[in-house]
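A short write-up of the structure that comes next.
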Amino acid sequence: MTTVLAVANQKGGVAKTTTVASLGAALVGLGQKVLVVDLDPQGCLTFSLGHNPDRLDASVHEVLTGDLAAQEAVIDTEDGVALLPATIDLAGAEALLLMRPGREFALKRALAPLLDDYDTIILDCPPSLGVLTLNGLTAAQSVLVPLQCETLAHRGVGQLLRTVTEVQQITNPDLVLLGALPTLYDARTTHSRDVLSDVSDRYNLPVLAPPIPRTVRFAEATASGATVLAGRKNKGAQAYRDLAENLAKHWAGSELATFSPGSA
Ligand code: ADP
Ligand code: MG
């Protein structure tokens, strides 16, 4: 059974793309076959996995418009994850899809023939709650919300959770909200922890373990075209390996390991 996981937060810079790439690579490390899907017209996931969006002939755009089968657009990456890439063309998909009936289901339909080929498919949603994110949430079985642990992190969380509820009511009744993943976490100060307990209390949102620490390795990795998992040993890579194990065990039937900001 393939698990389809959406990584969503309409706020930019909260480590959605980093989480999709690093978690994908970590699941490959556990022996899984993994596909990651770039749903952001900026193509940051595509770029960070070593492909130049400007030089690709086929992308998720043609797949969403129904002009190309998804498997025709999938490419390999150095990290061993398969990638359904994005190009700037995707910026036009929004307008094209809006005119079609069943527009929220375009991705779900396109991925259906691939479901037997992968253990996990991870969707990198763009920083908006538009039709591309709705496609991601409609195609997914579960959704993870990266949360940068800084002041005002809660802004927009309510709106995102309302969108998740609406998707559950209208296009995807089976969608499970896994919880928030703390990112850019600084364990040395109490600030990250205070922000996190505020958000999880306010919205009654489970917090996944482990928090992903802030480290400069992520910026270096993005520039190199491979994830932090491919580089030297570092605590960012280890955190994503631990997250991958937590999720893999959960999908095999165990309870999700959570993090309590109050007690750490
Ligand atoms: P989003 O997809 O939500 O916009 P990104 O994954 O692109 O966010 O991350 C935004 C920036 O933060 C990138 O420059 C990325 O390298 C950096 N970043 C992500 N995670 C970390 C981390 N744990 N520590 C330090 N920098 C990080
Ligand atoms: Mg992104």
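Lettering and numbering for the structure tokens are positional, with chains as A, B, ... in the shown order, residues counted from 1 in each chain, and ligands counted from 1 in the shown order.
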If the limit is 10 Å from any atom of ligand 2, counting only C-alpha atoms and all ligand atoms, which residues qualify? Return them as a PyMOL selection string. chain A and resi 7-20+38-45+124-127
Pick out each residue of segment 79-160 of chain A that DSSP on the backbone tags as strand (DSSP E); I need them as an MDAnalysis selection string. chainID A and resid 82:84 120:124 142:148
Using only C-alpha atoms, determine which residues lie at most 8 Å from segment 198-206 of chain A, disregarding the query and same-chain residues fewer than 5 positions distant; provide the list as number ranges by chain. A: 153-154, 158, 178-180, 258
Next, dump the selected residues to file, keeping only N, CA and C atoms, as a short mmCIF file (atom, residue, chain, number, x, y, z; two decimals), in the first residue's frame.
data_model
loop_
_atom_site.label_atom_id
_atom_site.label_comp_id
_atom_site.auth_asym_id
_atom_site.auth_seq_id
_atom_site.Cartn_x
_atom_site.Cartn_y
_atom_site.Cartn_z
N ALA A 153 4.42 32.37 14.44
CA ALA A 153 4.31 31.11 13.70
C ALA A 153 2.86 30.68 13.58
N HIS A 154 2.04 31.09 14.59
CA HIS A 154 0.65 30.65 14.59
C HIS A 154 -0.19 31.36 13.53
N GLY A 158 -4.63 28.69 11.72
CA GLY A 158 -6.08 28.51 11.80
C GLY A 158 -6.70 28.36 10.42
N LEU A 178 -1.72 14.69 10.46
CA LEU A 178 -0.75 14.05 11.37
C LEU A 178 -0.34 14.99 12.48
N GLY A 179 -0.14 16.27 12.14
CA GLY A 179 0.25 17.24 13.14
C GLY A 179 1.29 18.19 12.62
N ALA A 180 1.86 18.98 13.54
CA ALA A 180 2.88 19.96 13.18
C ALA A 180 4.26 19.35 13.34
N THR A 258 5.33 11.61 19.55
CA THR A 258 5.13 13.06 19.57
C THR A 258 6.13 13.72 20.52
#
Give me the residues near Leu83 of chain A as a PyMOL selection string, where near means some atom within 8 Å (using only C-alpha atoms) and where sequence neighbours in that chain fewer than 3 positions away do not count. chain A and resi 35-38+46+74-77
For the selection just defined, write its residues with C-alpha atoms to a file, as a short mmCIF file (atom, residue, chain, number, x, y, z; two decimals), in the first residue's frame.
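Result saved to result_35.cif:
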data_model
loop_
_atom_site.label_atom_id
_atom_site.label_comp_id
_atom_site.auth_asym_id
_atom_site.auth_seq_id
_atom_site.Cartn_x
_atom_site.Cartn_y
_atom_site.Cartn_z
CA LEU A 35 8.44 9.63 -5.26
CA VAL A 36 8.44 13.35 -4.43
CA VAL A 37 6.18 15.77 -6.30
CA ASP A 38 7.02 19.46 -6.75
CA THR A 46 13.29 20.30 -8.35
CA VAL A 74 9.27 11.32 -13.50
CA ILE A 75 13.08 11.70 -13.30
CA ASP A 76 15.83 10.25 -11.08
CA THR A 77 17.86 12.14 -8.50
#
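Shortest atom-to-atom contact with ligand 1 among A:Thr87, A:Ser260, A:Thr171, A:Asn234: A:Asn234, counting only C-alpha atoms and all ligand atoms.
If only C-alpha atoms and all ligand atoms are the atoms counted, then among A:Gly102, A:Gly156, A:Gly66, A:Pro146 the closest residue to ligand 1 is A:Pro146.
Among the candidates A:Pro210, A:Gly24, A:Pro101, A:Gly253, the one nearest to Ala230 of chain A when counting only C-alpha atoms is A:Gly24.
Of the listed residues (A:Lys235, A:Lys249, A:Arg155, A:Arg162), A:Lys235 comes nearest to Val216 of chain A; the distances count only C-alpha atoms.
By chain and then residue number, the residues within 8 Å of Leu196 of chain A are Cys149, Pro182, Ser192, Arg193, Val199, Ser200 and Pro261 of chain A, counting only C-alpha atoms and disregarding those fewer than 3 positions away in sequence.
Our summary of the geometry notes that atom CA of Ala221 of chain A is positioned 10.3 Å from atom 25 (C, counted along the ligand's line) of ligand 1.
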DSSP on the backbone, alpha helix (DSSP H) only: what residues of segment 25-166 of chain A does that give? Format it as a PyMOL selection string. chain A and resi 25-29+44-48+60-64+70-73+90-98+106-111+131-139+157-166
Could you turn the residues from that selection into a file that holds N, CA and C atoms, as a compact mmCIF listing (two decimals), in the first residue's frame?
# COMPACT_ATOMS: atom_id res chain seq x y z
N ALA A 25 14.61 11.35 1.08
CA ALA A 25 15.92 10.69 1.05
C ALA A 25 16.08 9.75 2.24
N ALA A 26 15.56 10.16 3.40
CA ALA A 26 15.68 9.31 4.60
C ALA A 26 14.84 8.04 4.44
N LEU A 27 13.68 8.14 3.81
CA LEU A 27 12.85 6.94 3.59
C LEU A 27 13.52 6.00 2.58
N VAL A 28 14.21 6.57 1.59
CA VAL A 28 15.00 5.74 0.67
C VAL A 28 16.08 5.00 1.47
N GLY A 29 16.67 5.69 2.43
CA GLY A 29 17.68 5.08 3.31
C GLY A 29 17.12 3.90 4.10
N CYS A 44 11.57 24.92 -6.42
CA CYS A 44 12.67 24.82 -5.44
C CYS A 44 13.02 23.36 -5.12
N LEU A 45 12.01 22.50 -5.04
CA LEU A 45 12.29 21.08 -4.76
C LEU A 45 13.08 20.48 -5.93
N THR A 46 12.63 20.79 -7.14
CA THR A 46 13.29 20.30 -8.35
C THR A 46 14.76 20.74 -8.36
N PHE A 47 14.97 22.02 -8.08
CA PHE A 47 16.31 22.59 -8.07
C PHE A 47 17.17 21.96 -6.97
N SER A 48 16.59 21.82 -5.77
CA SER A 48 17.39 21.32 -4.65
C SER A 48 17.74 19.85 -4.83
N VAL A 60 5.25 18.42 -13.93
CA VAL A 60 3.95 18.15 -13.33
C VAL A 60 2.84 18.98 -13.98
N HIS A 61 3.22 20.07 -14.62
CA HIS A 61 2.22 20.91 -15.28
C HIS A 61 1.47 20.13 -16.37
N GLU A 62 2.22 19.49 -17.26
CA GLU A 62 1.59 18.73 -18.35
C GLU A 62 0.81 17.53 -17.79
N VAL A 63 1.29 17.04 -16.62
CA VAL A 63 0.60 15.91 -15.99
C VAL A 63 -0.76 16.37 -15.44
N LEU A 64 -0.79 17.55 -14.82
CA LEU A 64 -2.03 18.05 -14.24
C LEU A 64 -3.03 18.46 -15.31
N ALA A 70 1.85 10.65 -15.77
CA ALA A 70 2.81 11.02 -14.72
C ALA A 70 4.14 10.30 -14.90
N GLN A 71 4.08 9.00 -15.24
CA GLN A 71 5.36 8.26 -15.33
C GLN A 71 6.28 8.79 -16.43
N GLU A 72 5.72 9.49 -17.41
CA GLU A 72 6.53 10.06 -18.49
C GLU A 72 7.35 11.25 -18.00
N ALA A 73 6.91 11.87 -16.91
CA ALA A 73 7.58 13.08 -16.44
C ALA A 73 8.51 12.83 -15.26
N LEU A 90 3.97 25.77 -14.33
CA LEU A 90 2.96 25.40 -13.33
C LEU A 90 2.18 26.63 -12.85
N ALA A 91 2.80 27.80 -12.96
CA ALA A 91 2.10 29.03 -12.56
C ALA A 91 0.83 29.20 -13.38
N GLY A 92 0.83 28.68 -14.61
CA GLY A 92 -0.35 28.78 -15.47
C GLY A 92 -1.37 27.68 -15.22
N ALA A 93 -0.95 26.62 -14.54
CA ALA A 93 -1.85 25.48 -14.28
C ALA A 93 -3.03 25.92 -13.44
N GLU A 94 -2.73 26.81 -12.50
CA GLU A 94 -3.75 27.34 -11.59
C GLU A 94 -4.95 27.84 -12.42
N ALA A 95 -4.67 28.71 -13.38
CA ALA A 95 -5.73 29.31 -14.20
C ALA A 95 -6.41 28.25 -15.08
N LEU A 96 -5.59 27.35 -15.67
CA LEU A 96 -6.15 26.30 -16.53
C LEU A 96 -7.07 25.37 -15.76
N LEU A 97 -6.60 24.96 -14.57
CA LEU A 97 -7.38 24.02 -13.77
C LEU A 97 -8.67 24.63 -13.28
N LEU A 98 -8.62 25.92 -12.97
CA LEU A 98 -9.79 26.59 -12.41
C LEU A 98 -11.00 26.49 -13.33
N ALA A 106 -7.25 16.60 -10.09
CA ALA A 106 -6.32 16.38 -11.20
C ALA A 106 -5.10 15.57 -10.76
N LEU A 107 -4.52 15.93 -9.60
CA LEU A 107 -3.32 15.23 -9.16
C LEU A 107 -3.64 13.81 -8.70
N LYS A 108 -4.72 13.65 -7.97
CA LYS A 108 -5.12 12.32 -7.50
C LYS A 108 -5.30 11.36 -8.70
N ARG A 109 -5.97 11.86 -9.72
CA ARG A 109 -6.18 11.05 -10.93
C ARG A 109 -4.85 10.72 -11.60
N ALA A 110 -3.96 11.72 -11.68
CA ALA A 110 -2.69 11.53 -12.38
C ALA A 110 -1.77 10.54 -11.64
N LEU A 111 -1.87 10.54 -10.30
CA LEU A 111 -0.98 9.66 -9.53
C LEU A 111 -1.50 8.23 -9.42
N VAL A 131 -5.44 26.32 -5.75
CA VAL A 131 -5.90 25.06 -6.33
C VAL A 131 -4.79 23.99 -6.32
N LEU A 132 -3.53 24.39 -6.35
CA LEU A 132 -2.44 23.38 -6.31
C LEU A 132 -2.37 22.72 -4.94
N THR A 133 -2.47 23.52 -3.89
CA THR A 133 -2.49 22.94 -2.54
C THR A 133 -3.75 22.09 -2.35
N LEU A 134 -4.87 22.55 -2.86
CA LEU A 134 -6.11 21.74 -2.77
C LEU A 134 -5.94 20.41 -3.49
N ASN A 135 -5.22 20.41 -4.62
CA ASN A 135 -4.92 19.16 -5.32
C ASN A 135 -4.05 18.26 -4.45
N GLY A 136 -3.05 18.85 -3.79
CA GLY A 136 -2.17 18.08 -2.90
C GLY A 136 -2.96 17.45 -1.77
N LEU A 137 -3.82 18.24 -1.11
CA LEU A 137 -4.58 17.74 0.03
C LEU A 137 -5.63 16.71 -0.40
N THR A 138 -6.11 16.85 -1.62
CA THR A 138 -7.11 15.91 -2.12
C THR A 138 -6.49 14.57 -2.51
N ALA A 139 -5.23 14.61 -2.98
CA ALA A 139 -4.55 13.39 -3.40
C ALA A 139 -3.93 12.63 -2.23
N VAL A 157 -2.13 29.46 10.76
CA VAL A 157 -2.35 28.05 11.08
C VAL A 157 -3.86 27.75 11.12
N GLY A 158 -4.63 28.69 11.72
CA GLY A 158 -6.08 28.51 11.80
C GLY A 158 -6.70 28.36 10.42
N GLN A 159 -6.24 29.22 9.51
CA GLN A 159 -6.76 29.20 8.14
C GLN A 159 -6.41 27.88 7.44
N LEU A 160 -5.17 27.42 7.66
CA LEU A 160 -4.74 26.15 7.07
C LEU A 160 -5.59 24.99 7.60
N LEU A 161 -5.82 24.98 8.93
CA LEU A 161 -6.60 23.90 9.52
C LEU A 161 -8.05 23.93 9.03
N ARG A 162 -8.57 25.14 8.81
CA ARG A 162 -9.93 25.25 8.24
C ARG A 162 -9.96 24.65 6.84
N THR A 163 -8.90 24.93 6.06
CA THR A 163 -8.83 24.37 4.70
C THR A 163 -8.78 22.84 4.77
N VAL A 164 -7.99 22.30 5.70
CA VAL A 164 -7.90 20.84 5.85
C VAL A 164 -9.29 20.28 6.17
N THR A 165 -10.01 20.94 7.08
CA THR A 165 -11.36 20.49 7.44
C THR A 165 -12.29 20.53 6.23
N GLU A 166 -12.19 21.60 5.45
CA GLU A 166 -13.06 21.70 4.26
C GLU A 166 -12.74 20.60 3.26
Measuring between only C-alpha atoms and all ligand atoms, which one of A:Arg103, A:Lys33, A:Lys233, A:Arg217 shows the shortest distance to ligand 1? A:Arg217
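Between ligand 1 and the residues A:Leu208, A:Val81, A:Met1, A:Leu147, the shortest atom-to-atom distance, using only C-alpha atoms and all ligand atoms, involves A:Leu147.
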